[in-house]
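Report on the following structure.
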2 protein chains.
Amino acid sequence: MPEILTQSIQDYLKHIYKLNENGDAASTNDLATRLNIAPASVTGMLQKLANSKPALVLYKKHQGATLTKPGEKAALEVIRHHRLLETFLVTTLGYSWDEVHSEADKLEHVISEDFEARIAKALGNPSRDPHGELIPTADLVMPSDESRPLASLRTDEAATVKRVSDDDPALLRHLREIGVVPEVKLTIKNYSEFDGNLTIKVEGQKSNVVLGKEVTSKVFVDK
Amino acid sequence: MPEILTQSIQDYLKHIYKLNENGDAASTNDLATRLNIAPASVTGMLQKLANSKPALVLYKKHQGATLTKPGEKAALEVIRHHRLLETFLVTTLGYSWDEVHSEADKLEHVISEDFEARIAKALGNPSRDPHGELIPTADLVMPSDESRPLASLRTDEAATVKRVSDDDPALLRHLREIGVVPEVKLTIKNYSEFDGNLTIKVEGQKSNVVLGKEVTSKVFVDK
DNA sequence: ACAATAATTTAGGTTCACCTAAATTATATT
DNA sequence: AATATAATTTAGGTGAACCTAAATTATTGT
């Protein structure tokens, strides 16, 4: 039924996409948490999205939702808008990387394809946003991502920061302060079995930092 | 009741403001036409806006609506957003003046005060948009406008174009073609009593043009 | 295996902003 | 002044996207 993709539907698809990236179907509860709405409301919407033609999600009771091809294309369109906008806000209007997320969350739903094309061109068709996150291409293909969580590294391993999660401004300000930004190299000095903390030497920083899983699961690196 | 100004309410206030500029209260029918909705829906919304606290409009049955102070401030905020955005799109993204209106109509409702401040600064706090329309100041005061419709001029009068209506792309393309843009000088060569047509010599153009009231009522000039 | 707990769904609202059709009120014509 | 016409309002919907409370289904610990 939704030949019109409302703002709300776009948000559902975007979050289902992100939850699907971790391998499994997006659960009702996880979606409710991320969308800040009641689980019961999510059930209703998933049923609607699954029964629309074309179906945007694949949904089996109690087993969460997965995107169909059309649903994935729609999700990638929103994500492309979001990441291009974040890049644009930083590059053109001097926003810092912790300030762009909420602004992009509102703008992503209202810009035209023309606007998208114009900022993409003005920015030189970037492949990553200011947080290092990959930008879907104009034909809505998500480039492959080799990076893995910083949390998966162990003592003496070295790697390069590729991207960080963009949705927590406080975390972003902290990461900037300790120099953990895309393309910076780092080395693991110690791994603690008990709490999963990592002691890390960051390229260009005098002293080591100790980061917990809350942080290291949101930073992604390449070897 | 609306301590939250929905997109829809913002649109009502903006259009009531523009209708009020012509001296009289905004009628139910005129609003319905401009908002592309049924007159009955307008009545409902005007009642709501009049009964909200603070009241955003002054409304008496069958006599149309006028903005209250809070309503006017809210309207000017939307208009400031719109006109700054139009200026930004033209200056920064290379849009032409006939392409910006619909994009700004969507963006005006979602940008933050921070975004507004950033583009205002980047543009050097402009006082007019690309169509010459005055931009309300940051403290939401509309600068006074001395201009009058081109349609009010008569044979041998000369004037400078100050602004043109921004909402009809086809008209804007035509005006650009014949050189009728802000700050251009022109002289009335003839006025026709029968149809109100004006024959006009536009500065920098070889031949005169004849414009009907549909056009001359949407171009504003200063002596 | 069975109860306790957690996750999910169903059922029955609500609000917002629109709609149509019918009734009413204003305005204009003669 | 009476009537035709136009503008406006009332009344009674609708669909989208939420909500809460209760019921159901899954999962987990012992």
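Labeling convention for the structure tokens: chains A, B, ... as they appear, residues from 1 per chain, ligands from 1 in order of appearance.
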
Per residue of chain B within 8 Å of chain D, note the shortest atom pair and the distance in Å to one decimal, counting only C-alpha atoms (C1' of nucleotides), and order the rows by chain and increasing residue number, as JSON lines.
```
{"residue": "B:Thr28", "atom": "CA", "partner": "D:DT8", "partner_atom": "C1'", "distance": 7.3}
{"residue": "B:Asn29", "atom": "CA", "partner": "D:DA7", "partner_atom": "C1'", "distance": 7.3}
{"residue": "B:Pro39", "atom": "CA", "partner": "D:DT8", "partner_atom": "C1'", "distance": 7.8}
{"residue": "B:Ala40", "atom": "CA", "partner": "D:DT9", "partner_atom": "C1'", "distance": 7.1}
{"residue": "B:Thr43", "atom": "CA", "partner": "D:DT9", "partner_atom": "C1'", "distance": 7.1}
{"residue": "B:His62", "atom": "CA", "partner": "D:DT8", "partner_atom": "C1'", "distance": 6.1}
```

Which chain B residues have any atom within 10 Å of an atom of chain A, and for each, what is the nearest pair of atoms with distance in Å to one decimal, counting only C-alpha atoms, rows sorted by chain and number, as a tab-separated table?
```
residue	atom	partner	partner_atom	distance
B:Leu89	CA	A:Phe115	CA	9.0
B:Thr92	CA	A:Thr92	CA	8.7
B:Leu93	CA	A:Arg118	CA	6.5
B:Gly94	CA	A:Arg118	CA	8.3
B:Tyr95	CA	A:Arg118	CA	8.9
B:Glu99	CA	A:Asp114	CA	9.9
B:Ser102	CA	A:Ser112	CA	9.4
B:Glu103	CA	A:Ser112	CA	7.0
B:Ala104	CA	A:Ile111	CA	9.3
B:Asp105	CA	A:Val110	CA	9.7
B:Lys106	CA	A:Val110	CA	6.1
B:Leu107	CA	A:Val110	CA	6.6
B:His109	CA	A:Lys106	CA	9.6
B:Val110	CA	A:Lys106	CA	6.1
B:Ile111	CA	A:Glu103	CA	7.1
B:Ser112	CA	A:Glu103	CA	7.0
B:Asp114	CA	A:Glu103	CA	9.3
B:Phe115	CA	A:Glu103	CA	8.1
B:Arg118	CA	A:Leu93	CA	6.5
B:Ile119	CA	A:Leu93	CA	7.2
B:Lys121	CA	A:Leu93	CA	9.5
B:Ala122	CA	A:Leu93	CA	7.5
```

What does the file look like for those residues with N, CA and C atoms, as a short mmCIF file (atom, residue, chain, number, x, y, z; two decimals), in the first residue's frame?
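Once everything was written out, this is again18.cif:
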```
data_model
loop_
_atom_site.label_atom_id
_atom_site.label_comp_id
_atom_site.auth_asym_id
_atom_site.auth_seq_id
_atom_site.Cartn_x
_atom_site.Cartn_y
_atom_site.Cartn_z
N LEU B 89 20.51 28.34 -1.38
CA LEU B 89 20.48 27.38 -2.49
C LEU B 89 21.05 28.00 -3.77
N THR B 92 25.06 28.96 -2.84
CA THR B 92 25.99 27.88 -2.50
C THR B 92 25.86 26.65 -3.40
N LEU B 93 24.67 26.39 -3.88
CA LEU B 93 24.49 25.16 -4.66
C LEU B 93 24.13 25.41 -6.12
N GLY B 94 24.18 26.68 -6.54
CA GLY B 94 24.00 26.96 -7.95
C GLY B 94 22.60 26.76 -8.50
N TYR B 95 21.61 26.73 -7.62
CA TYR B 95 20.23 26.68 -8.12
C TYR B 95 19.94 27.98 -8.86
N GLU B 99 14.08 27.62 -9.32
CA GLU B 99 14.13 26.25 -8.82
C GLU B 99 14.08 26.14 -7.30
N SER B 102 10.22 25.39 -4.20
CA SER B 102 9.65 24.16 -3.64
C SER B 102 10.62 23.48 -2.68
N GLU B 103 11.91 23.56 -2.98
CA GLU B 103 12.89 22.98 -2.06
C GLU B 103 12.84 23.73 -0.72
N ALA B 104 12.81 25.05 -0.78
CA ALA B 104 12.77 25.84 0.46
C ALA B 104 11.48 25.60 1.23
N ASP B 105 10.39 25.34 0.51
CA ASP B 105 9.11 25.08 1.17
C ASP B 105 9.17 23.84 2.05
N LYS B 106 9.99 22.89 1.67
CA LYS B 106 10.11 21.68 2.49
C LYS B 106 11.13 21.89 3.61
N LEU B 107 12.25 22.49 3.27
CA LEU B 107 13.33 22.66 4.25
C LEU B 107 12.97 23.64 5.37
N HIS B 109 10.69 24.04 7.32
CA HIS B 109 10.06 23.51 8.54
C HIS B 109 10.99 22.66 9.40
N VAL B 110 12.10 22.26 8.85
CA VAL B 110 12.91 21.28 9.58
C VAL B 110 14.29 21.77 10.03
N ILE B 111 14.73 22.91 9.52
CA ILE B 111 16.08 23.33 9.91
C ILE B 111 16.09 23.88 11.35
N SER B 112 17.22 23.70 12.01
CA SER B 112 17.35 24.18 13.39
C SER B 112 17.70 25.66 13.41
N ASP B 114 20.24 26.72 14.80
CA ASP B 114 21.67 26.72 14.53
C ASP B 114 21.93 26.77 13.02
N PHE B 115 21.20 25.95 12.28
CA PHE B 115 21.36 25.95 10.83
C PHE B 115 21.02 27.33 10.26
N ARG B 118 23.81 29.66 10.93
CA ARG B 118 25.01 29.38 10.14
C ARG B 118 24.87 29.85 8.70
N ILE B 119 23.73 29.62 8.08
CA ILE B 119 23.61 30.08 6.69
C ILE B 119 23.51 31.59 6.63
N LYS B 121 25.01 33.68 8.53
CA LYS B 121 26.38 34.17 8.66
C LYS B 121 27.17 33.92 7.37
N ALA B 122 27.05 32.71 6.83
CA ALA B 122 27.78 32.37 5.61
C ALA B 122 27.40 33.29 4.46
#
```

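For the residues B:Ile37, B:Leu175, B:Ala65, B:Ile4, ranking by smallest atom-to-atom distance to chain C using only C-alpha atoms (C1' of nucleotides) places B:Ile37 first.
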
At a cut-off of 12 Å, using only C-alpha atoms (C1' of nucleotides), what residues contact Asp166 of chain B? Leave out same-chain residues fewer than 4 positions from it and give the result as number ranges by chain. B: 82-83, 86-87, 96-102, 104-105, 129-134, 170-173, 175, 181, 218-220

Quick one: write out the picked residues with C-alpha atoms as a PDB file, in the first residue's frame?
```pdb
ATOM      1  CA  HIS B  82      12.359  30.203   3.585  1.00  0.00           C
ATOM      2  CA  ARG B  83      14.111  33.271   2.242  1.00  0.00           C
ATOM      3  CA  GLU B  86      16.411  30.316  -1.141  1.00  0.00           C
ATOM      4  CA  THR B  87      19.411  32.601  -0.949  1.00  0.00           C
ATOM      5  CA  SER B  96      18.537  29.181 -10.440  1.00  0.00           C
ATOM      6  CA  TRP B  97      15.898  31.484  -9.012  1.00  0.00           C
ATOM      7  CA  ASP B  98      12.986  29.502 -10.440  1.00  0.00           C
ATOM      8  CA  GLU B  99      14.133  26.246  -8.822  1.00  0.00           C
ATOM      9  CA  VAL B 100      14.433  27.207  -5.182  1.00  0.00           C
ATOM     10  CA  HIS B 101      10.868  27.730  -4.048  1.00  0.00           C
ATOM     11  CA  SER B 102       9.650  24.163  -3.644  1.00  0.00           C
ATOM     12  CA  ALA B 104      12.772  25.843   0.459  1.00  0.00           C
ATOM     13  CA  ASP B 105       9.110  25.078   1.174  1.00  0.00           C
ATOM     14  CA  ASP B 129      16.488  36.837  -1.138  1.00  0.00           C
ATOM     15  CA  PRO B 130      17.221  36.120  -4.834  1.00  0.00           C
ATOM     16  CA  HIS B 131      13.798  37.428  -5.827  1.00  0.00           C
ATOM     17  CA  GLY B 132      14.400  40.640  -3.915  1.00  0.00           C
ATOM     18  CA  GLU B 133      11.989  39.726  -1.144  1.00  0.00           C
ATOM     19  CA  LEU B 134      12.884  41.137   2.255  1.00  0.00           C
ATOM     20  CA  ALA B 170       7.354  29.696 -15.203  1.00  0.00           C
ATOM     21  CA  LEU B 171       6.832  33.388 -14.478  1.00  0.00           C
ATOM     22  CA  LEU B 172      10.319  33.624 -12.994  1.00  0.00           C
ATOM     23  CA  ARG B 173      11.902  32.081 -16.088  1.00  0.00           C
ATOM     24  CA  LEU B 175      11.033  37.518 -16.171  1.00  0.00           C
ATOM     25  CA  VAL B 181      15.207  41.211 -12.186  1.00  0.00           C
ATOM     26  CA  LYS B 218       3.611  40.322  -9.277  1.00  0.00           C
ATOM     27  CA  VAL B 219       6.548  42.659  -9.883  1.00  0.00           C
ATOM     28  CA  PHE B 220       7.225  45.391  -7.348  1.00  0.00           C
TER      29      PHE B 220
END
```

Run DSSP on the backbone and grab whatever in chain B lands in alpha helix (DSSP H); send it over as a PyMOL selection string. chain B and resi 7-21+28-35+39-51+69-93+100-107+113-122+169-177+213-216

Hey, can you check how far atom CA of Ala26 of chain B sits from atom CA of Pro70 of chain B?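 So the two atoms, atom CA of Ala26 of chain B and atom CA of Pro70 of chain B, lie 16.7 Å apart.
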
Report as a PDB file with C-alpha atoms (C1' of nucleotides), in the first residue's frame the set of chain C residues whose atoms approach chain B to within 9 Å, with distances computed over only C-alpha atoms (C1' of nucleotides).
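So out.pdb came out as:
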```
ATOM      1  C1'  DA C  17      -4.976  17.039   9.658  1.00  0.00           C
ATOM      2  C1'  DC C  18      -7.379  16.214   6.271  1.00  0.00           C
ATOM      3  C1'  DC C  19     -12.054  14.892   3.624  1.00  0.00           C
ATOM      4  C1'  DT C  25     -24.911  32.804   6.771  1.00  0.00           C
ATOM      5  C1'  DA C  26     -23.453  36.728   3.792  1.00  0.00           C
TER       6       DA C  26
END
```

Among the residues of segment 23-222 of chain B, find those DSSP assigns to strand (DSSP E or B) from the backbone and print them as a PyMOL selection string. chain B and resi 26+57-59+65-67+128+134+148-149+158-164+185-191+198-202+209-211+219-222

Contact residues around Gly23 of chain B with only C-alpha atoms (C1' of nucleotides) at 12 Å, ignoring same-chain residues under 5 positions, as a VMD selection string: chain B and resid 16 to 18 65 to 66

Name all residues at most 7 Å from Asp156 of chain B (count only C-alpha atoms (C1' of nucleotides); drop same-chain ones fewer than 3 positions away) and give them as an MDAnalysis selection string. chainID B and resid 187:189

Output N, CA and C atoms for every residue in the selection just made, as a tab-separated table (two decimals), in the first residue's frame.
```
chain	number	residue	atom	x	y	z
B	187	THR	N	11.16	51.82	-17.78
B	187	THR	CA	10.31	52.98	-18.06
B	187	THR	C	9.03	52.51	-18.75
B	188	ILE	N	7.92	53.11	-18.35
B	188	ILE	CA	6.64	52.75	-18.96
B	188	ILE	C	6.47	53.56	-20.25
B	189	LYS	N	6.30	52.84	-21.34
B	189	LYS	CA	6.12	53.50	-22.63
B	189	LYS	C	4.65	53.70	-22.94
```

All residues 12 Å or closer to Arg128 of chain A, only C-alpha atoms (C1' of nucleotides), same chain fewer than 4 positions away omitted, as an mmCIF file with N, CA and C atoms, in the first residue's frame:
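Result file follows (out01.cif):
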```
data_model
loop_
_atom_site.group_PDB
_atom_site.id
_atom_site.type_symbol
_atom_site.label_atom_id
_atom_site.label_comp_id
_atom_site.auth_asym_id
_atom_site.auth_seq_id
_atom_site.Cartn_x
_atom_site.Cartn_y
_atom_site.Cartn_z
ATOM 1 N N ILE A 79 19.813 6.561 3.848
ATOM 2 C CA ILE A 79 21.157 6.568 4.426
ATOM 3 C C ILE A 79 22.111 7.410 3.570
ATOM 4 N N ARG A 80 21.955 7.326 2.256
ATOM 5 C CA ARG A 80 22.771 8.175 1.384
ATOM 6 C C ARG A 80 22.497 9.653 1.668
ATOM 7 N N HIS A 82 21.385 10.944 4.432
ATOM 8 C CA HIS A 82 21.920 11.271 5.750
ATOM 9 C C HIS A 82 23.424 11.517 5.715
ATOM 10 N N ARG A 83 24.131 10.622 5.102
ATOM 11 C CA ARG A 83 25.604 10.723 5.136
ATOM 12 C C ARG A 83 26.136 11.822 4.238
ATOM 13 N N LEU A 84 25.470 12.051 3.111
ATOM 14 C CA LEU A 84 25.875 13.190 2.276
ATOM 15 C C LEU A 84 25.607 14.495 3.031
ATOM 16 N N LEU A 85 24.470 14.554 3.701
ATOM 17 C CA LEU A 85 24.134 15.760 4.453
ATOM 18 C C LEU A 85 25.143 16.016 5.566
ATOM 19 N N GLU A 86 25.515 14.967 6.283
ATOM 20 C CA GLU A 86 26.502 15.146 7.348
ATOM 21 C C GLU A 86 27.804 15.701 6.776
ATOM 22 N N THR A 87 28.204 15.156 5.652
ATOM 23 C CA THR A 87 29.443 15.617 5.020
ATOM 24 C C THR A 87 29.311 17.079 4.605
ATOM 25 N N PHE A 88 28.174 17.387 4.028
ATOM 26 C CA PHE A 88 27.912 18.754 3.571
ATOM 27 C C PHE A 88 27.915 19.749 4.729
ATOM 28 N N ALA A 120 26.232 16.107 -3.636
ATOM 29 C CA ALA A 120 27.194 15.040 -3.961
ATOM 30 C C ALA A 120 28.266 15.597 -4.894
ATOM 31 N N LEU A 123 30.623 18.093 -3.265
ATOM 32 C CA LEU A 123 31.570 17.456 -2.350
ATOM 33 C C LEU A 123 32.532 16.523 -3.072
ATOM 34 N N GLY A 124 32.366 16.392 -4.395
ATOM 35 C CA GLY A 124 33.243 15.505 -5.160
ATOM 36 C C GLY A 124 32.887 14.037 -4.970
ATOM 37 N N GLY A 132 33.518 8.551 8.867
ATOM 38 C CA GLY A 132 34.126 7.428 8.168
ATOM 39 C C GLY A 132 33.116 6.417 7.655
ATOM 40 N N GLU A 133 31.839 6.670 7.886
ATOM 41 C CA GLU A 133 30.832 5.703 7.438
ATOM 42 C C GLU A 133 30.668 5.766 5.926
ATOM 43 N N LEU A 134 30.502 4.595 5.329
ATOM 44 C CA LEU A 134 30.414 4.509 3.875
ATOM 45 C C LEU A 134 29.112 5.093 3.357
ATOM 46 N N ILE A 135 29.194 5.815 2.263
ATOM 47 C CA ILE A 135 28.020 6.431 1.657
ATOM 48 C C ILE A 135 27.537 5.558 0.502
ATOM 49 N N PRO A 136 26.280 5.108 0.527
ATOM 50 C CA PRO A 136 25.767 4.333 -0.608
ATOM 51 C C PRO A 136 25.951 5.131 -1.906
ATOM 52 N N THR A 137 26.207 4.445 -2.997
ATOM 53 C CA THR A 137 26.418 5.127 -4.281
ATOM 54 C C THR A 137 25.104 5.683 -4.806
ATOM 55 N N MET A 142 25.515 -0.280 -1.435
ATOM 56 C CA MET A 142 26.371 -0.001 -0.288
ATOM 57 C C MET A 142 27.741 -0.640 -0.531
ATOM 58 N N PRO A 143 28.797 0.154 -0.550
ATOM 59 C CA PRO A 143 30.147 -0.402 -0.745
ATOM 60 C C PRO A 143 30.445 -1.403 0.370
ATOM 61 N N SER A 144 31.285 -2.379 0.078
ATOM 62 C CA SER A 144 31.571 -3.373 1.104
ATOM 63 C C SER A 144 32.520 -2.794 2.144
ATOM 64 N N ASP A 145 32.353 -3.275 3.342
ATOM 65 C CA ASP A 145 33.081 -2.726 4.482
ATOM 66 C C ASP A 145 33.871 -3.856 5.143
ATOM 67 N N LYS A 162 38.792 3.247 10.938
ATOM 68 C CA LYS A 162 38.073 3.471 9.681
ATOM 69 C C LYS A 162 36.800 4.290 9.882
ATOM 70 N N ARG A 163 36.039 3.948 10.935
ATOM 71 C CA ARG A 163 34.787 4.691 11.148
ATOM 72 C C ARG A 163 34.344 4.573 12.596
ATOM 73 N N VAL A 164 33.504 5.527 12.992
ATOM 74 C CA VAL A 164 32.925 5.499 14.329
ATOM 75 C C VAL A 164 31.426 5.760 14.198
ATOM 76 N N PRO A 182 38.917 8.853 11.994
ATOM 77 C CA PRO A 182 39.242 8.017 10.833
ATOM 78 C C PRO A 182 40.666 8.238 10.319
ATOM 79 N N GLU A 183 41.292 7.147 9.907
ATOM 80 C CA GLU A 183 42.626 7.099 9.312
ATOM 81 C C GLU A 183 43.778 7.217 10.315
#
```

Contacts of Gln10 of chain A at 9 Å or less, counting only C-alpha atoms (C1' of nucleotides), minus same-chain residues fewer than 5 places along, as a PDB file with N, CA, C and O atoms, in the first residue's frame?
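Here's the written file part17.pdb:
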```
ATOM      1  N   LEU A   5       6.382   6.863   0.651  1.00  0.00           N
ATOM      2  CA  LEU A   5       7.202   6.519   1.802  1.00  0.00           C
ATOM      3  C   LEU A   5       7.199   7.678   2.779  1.00  0.00           C
ATOM      4  O   LEU A   5       7.925   8.654   2.602  1.00  0.00           O
ATOM      5  N   HIS A  15      16.393   2.007  10.165  1.00  0.00           N
ATOM      6  CA  HIS A  15      16.820   1.287  11.357  1.00  0.00           C
ATOM      7  C   HIS A  15      16.794  -0.226  11.161  1.00  0.00           C
ATOM      8  O   HIS A  15      17.621  -0.938  11.739  1.00  0.00           O
ATOM      9  N   ALA A  74      15.102   1.628  -0.643  1.00  0.00           N
ATOM     10  CA  ALA A  74      14.545   2.799   0.044  1.00  0.00           C
ATOM     11  C   ALA A  74      15.400   3.175   1.256  1.00  0.00           C
ATOM     12  O   ALA A  74      15.654   4.353   1.513  1.00  0.00           O
ATOM     13  N   ALA A  75      15.858   2.156   1.982  1.00  0.00           N
ATOM     14  CA  ALA A  75      16.696   2.411   3.160  1.00  0.00           C
ATOM     15  C   ALA A  75      18.013   3.065   2.742  1.00  0.00           C
ATOM     16  O   ALA A  75      18.481   4.019   3.366  1.00  0.00           O
ATOM     17  N   VAL A  78      17.739   6.734   2.003  1.00  0.00           N
ATOM     18  CA  VAL A  78      17.712   7.566   3.209  1.00  0.00           C
ATOM     19  C   VAL A  78      19.115   7.676   3.806  1.00  0.00           C
ATOM     20  O   VAL A  78      19.549   8.762   4.203  1.00  0.00           O
ATOM     21  N   HIS A 109      14.845  13.393   5.166  1.00  0.00           N
ATOM     22  CA  HIS A 109      13.527  13.005   4.649  1.00  0.00           C
ATOM     23  C   HIS A 109      12.934  14.014   3.670  1.00  0.00           C
ATOM     24  O   HIS A 109      11.940  13.718   3.024  1.00  0.00           O
TER      25      HIS A 109
END
```
